[in-house]
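Report on one structure; see the data block that follows.
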Amino acid sequence: MVSLEKDFAISIDIGGTDIKGAVIDHNGRVITKGQQPTGAGKGKETVIGNINNLIKDLLNKELAERIAGIGVGVPGSVDTRTGTIKGGIANVPELNGVCLVEEISKKFPYPGYLDNDATNAAKGEFYFGAGRGYRNVLVVTVGTGIGGGLILNGSVYHGASDYAGEIGHMIVVPSGKPCSCGNYGCIEAYSSGTAMVNYAKWKNKKGVRSALNGYSDEELSPKLIDQLAVEGDKHCKEIIHQAGKYLGITLASLTNILNLERCIVGGGVSNAGELFYDPLFNYFDTYVLPEAGKHCELVKADLKNDAGILGCAAMVFMRNA
C-alpha cells in the first residue's frame with residue numbers, strides 16, 4: 001500500500017496548447033493545481049523546461065517530502081517500461097522519441113511514470129471513479145476519436161508493445177467508411193465526434209433537407225448536432241443514434257471476449273444524453289451474451305474532464321500499491 005508518509009502524487013497531463021498539473025492525494029482530492037503553456041514549436045528544451053517549471057510551481061516544502069511519484073499522460077504512443085514517447089504526438093512533435101521520465105528525473109527525486117492519456121483515463125476511473133471496487137474494467141473515451149484502456153484482474157493491460165486499448169480501430173462494418181488510420185469500417189469512423197461531423201457534412205452535400213442546411217462545414221460540431229437533435233431534427237437524431245448503436249455493438253463484443261465487470265463510457269460525445277445512450281444500451285443488451293451480460297454493467301464515466309489528471313495520479317498509486 002502507499003505509505004501514509006508519501007500519500008501524494010504529482011499529475012502532469014500534456015496537451016498541444018497547455019500542460020495541466022496537480023498534486024493529488026490517494027482519495028482523489030486535489031491539493032494544488034496549475035497550468036503552463038506547452039511551448040509546442042519552440043523546441044524540446046522549452047517544452048521539457050515548461051513541464052519542470054510546472055512541477056516546481058506545484059510543490060512546497062511540506063508536500064515535497066510526501067510525494068510518492070510523478071505520473072505523466074501524453075496523447076501518443078509510449079513505452080511504459082522506459083518512460084519514452086515512441087511517437088504519435090502531432091501537436092507537440094518535439095516530444096516524439098524523448099525519454100520523458102528520464103528528463104524529469106534529472107530535476108526531481110521522485111519515481112516517474114508515463115502512459116497514454118486514454119489509458120490514464122481508464123486508470124482514473126478504475127482507482128477513483130466508476131470502476132472503483134471492480135477488477136475487470138474497460139473505459140472508453142468518445143471524443144474527436146475513440147480511445148480506451150483495459151484493467152484486467154486489477155492491473156492495467158498494456159499488451160506486447162504498450163498498444164493495447166485501441167478500441168477505436170475495431171472493425172464493425174467490413175469495407176465500411178474510411179478511417180483516419182487508413183482502414184475501413186472502424187468504430188471510430190461511426191461513433192466518434194469526427195464521424196458525427198463527417199456524417200452531417202455528407203448529408204449537407206447530398207442535399208438532405210434538415211436543420212443542418214444552414215451551417216457551413218466549419219460550424220458543424222457534435223455539440224451543434226446534439227442541440228439540433230434535441231430540438232427535433234430527425235437527421236441529427238439519426239447521426240447520434242448511429243454513434244450509440246455501433247458503440248453498443250462494439251462494447252458487447254468486447255464484453256463477450258473479456259468477461260468484463262464494467263464498461264465505462266466517457267468523453268465529450270457521451271454528453272449527448274438519452275439520444276446517445278438509449279441506442280448504446282439497447283444494442284449492448286441485444287448483442288452481449290447472457291452469461292457475460294449478467295456479470296457486466298454498462299455505465300457512464302464519473303470523472304468527466306478530470307479523468308486524465310486523476311488518471312496520472314492513479315498511475316503513481318497503482319505502481320506503488
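Residues in the C-alpha cells are named by chain (A, B, ... in the order shown) and by number from 1 within that chain; ligands are numbered from 1 in the order shown.
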Wanna dump the region 78-179 of chain A-region 226-244 of chain A contacts at 12 Å for me, each residue with its shortest atom pair and the distance in Å to one decimal, counting only C-alpha atoms, ordered by chain and number, as a tab-separated table?
```
residue	atom	partner	partner_atom	distance
A:Val142	CA	A:Ala243	CA	9.7
A:Gly143	CA	A:Ala243	CA	11.3
A:Gly145	CA	A:Ala243	CA	11.9
A:Ile146	CA	A:Ala243	CA	11.2
A:Val172	CA	A:Ala243	CA	11.8
```
* Asked: Hey, what's within 12 Å of Tyr113 (chain A) if we count only C-alpha atoms and toss same-chain stuff fewer than 4 positions away? As a ChimeraX atom specification, please?
  -> /A:9-13,68-74,78-85,99-105,120,311-320
* Just give me the gap between CA of Val139 (chain A) and CA of Thr250 (chain A) in Å, one decimal is fine. =>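 Result for CA of Val139 (chain A) versus CA of Thr250 (chain A): 12.6 Å, one decimal.
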* Minimum-distance residue to Cys186 (chain A), chosen among A:Arg135, A:Ile167, A:Glu274, A:Lys201 (using only C-alpha atoms) ->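 Looking only at the distances to Cys186 (chain A), the closest residue turns out to be A:Ile167.
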* Could you pull the residues within 10 Å of region 282-290 of chain A, counting only C-alpha atoms, minus those fewer than 3 positions along the same chain, as a list in words? ->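 Neighbouring residues, sequence-local ones excluded: Gly244, Lys245, Tyr246, Leu247, Gly248, Ile249, Thr250, Leu251, Ala252, Ser253, Leu254, Thr255, Asn256, Ile257, Asn259, Tyr277, Asp278, Pro279, Gly293, Lys294, His295, Cys296 and Leu298 of chain A.
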Kindly save the residues from that selection, with C-alpha atoms included, as a PDB file, in the first residue's frame.
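Once everything was written out, this is part04.pdb:
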```pdb
ATOM      1  CA  GLY A 244     -24.634   4.940 -29.971  1.00  0.00           C
ATOM      2  CA  LYS A 245     -25.643   1.880 -31.970  1.00  0.00           C
ATOM      3  CA  TYR A 246     -22.194   0.927 -33.239  1.00  0.00           C
ATOM      4  CA  LEU A 247     -20.514   1.667 -29.939  1.00  0.00           C
ATOM      5  CA  GLY A 248     -23.061  -0.571 -28.179  1.00  0.00           C
ATOM      6  CA  ILE A 249     -22.290  -3.427 -30.579  1.00  0.00           C
ATOM      7  CA  THR A 250     -18.543  -2.944 -30.056  1.00  0.00           C
ATOM      8  CA  LEU A 251     -18.779  -2.943 -26.263  1.00  0.00           C
ATOM      9  CA  ALA A 252     -20.966  -6.048 -26.325  1.00  0.00           C
ATOM     10  CA  SER A 253     -18.354  -7.856 -28.430  1.00  0.00           C
ATOM     11  CA  LEU A 254     -15.548  -6.842 -26.068  1.00  0.00           C
ATOM     12  CA  THR A 255     -17.578  -7.938 -23.053  1.00  0.00           C
ATOM     13  CA  ASN A 256     -18.210 -11.321 -24.686  1.00  0.00           C
ATOM     14  CA  ILE A 257     -14.465 -11.729 -25.264  1.00  0.00           C
ATOM     15  CA  ASN A 259     -15.935 -11.228 -19.495  1.00  0.00           C
ATOM     16  CA  TYR A 277     -27.287   6.364 -24.503  1.00  0.00           C
ATOM     17  CA  ASP A 278     -30.607   4.767 -25.475  1.00  0.00           C
ATOM     18  CA  PRO A 279     -29.224   3.039 -28.597  1.00  0.00           C
ATOM     19  CA  GLY A 293     -24.035  -9.610 -19.651  1.00  0.00           C
ATOM     20  CA  LYS A 294     -25.154 -10.965 -16.293  1.00  0.00           C
ATOM     21  CA  HIS A 295     -21.800 -10.011 -14.773  1.00  0.00           C
ATOM     22  CA  CYS A 296     -21.168  -6.726 -16.616  1.00  0.00           C
ATOM     23  CA  LEU A 298     -22.505  -0.577 -18.789  1.00  0.00           C
TER      24      LEU A 298
END
```
* Asked: What gap, in Å, lies between CA of Gly148 (chain A) and CA of Val265 (chain A)?
  ->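 A separation of 9.3 Å between them.
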* Please identify which residues in region 53-182 of chain A DSSP calls helix (DSSP H, G or I) from the backbone, and express them as number ranges by chain. => A: 53-58, 61-64, 93-95, 100-105, 117-128, 167-169
Dump of C-alpha atoms for the selected residues, as a CSV table (one decimal), in the first residue's frame:
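Saved file part.csv follows:
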```csv
chain,number,residue,atom,x,y,z
A,53,ASN,CA,8.7,24.6,-14.1
A,54,LEU,CA,5.1,23.5,-13.6
A,55,ILE,CA,6.2,20.6,-11.3
A,56,LYS,CA,8.3,23.1,-9.3
A,57,ASP,CA,5.4,25.5,-9.0
A,58,LEU,CA,3.1,22.7,-7.6
A,61,LYS,CA,8.3,22.1,1.4
A,62,GLU,CA,5.6,20.1,3.2
A,63,LEU,CA,4.4,18.5,0.0
A,64,ALA,CA,7.9,17.8,-1.3
A,93,PRO,CA,6.4,16.8,-32.2
A,94,GLU,CA,9.4,17.8,-30.1
A,95,LEU,CA,8.5,15.1,-27.6
A,100,LEU,CA,10.4,12.0,-20.7
A,101,VAL,CA,10.7,10.2,-17.4
A,102,GLU,CA,14.5,10.4,-17.6
A,103,GLU,CA,14.3,14.1,-18.4
A,104,ILE,CA,12.1,14.8,-15.4
A,105,SER,CA,14.2,12.7,-13.1
A,117,ASP,CA,-3.8,9.7,-22.0
A,118,ALA,CA,-6.6,7.3,-22.9
A,119,THR,CA,-5.1,4.5,-20.7
A,120,ASN,CA,-4.6,7.1,-17.9
A,121,ALA,CA,-8.3,8.0,-18.1
A,122,ALA,CA,-9.1,4.3,-17.5
A,123,LYS,CA,-6.8,4.2,-14.5
A,124,GLY,CA,-8.5,7.3,-13.1
A,125,GLU,CA,-12.0,5.7,-13.4
A,126,PHE,CA,-10.7,2.4,-12.0
A,127,TYR,CA,-8.9,4.0,-9.0
A,128,PHE,CA,-11.1,7.0,-8.2
A,167,ILE,CA,-10.8,0.3,-29.3
A,168,GLY,CA,-11.4,3.0,-31.9
A,169,HIS,CA,-9.9,0.8,-34.6
```
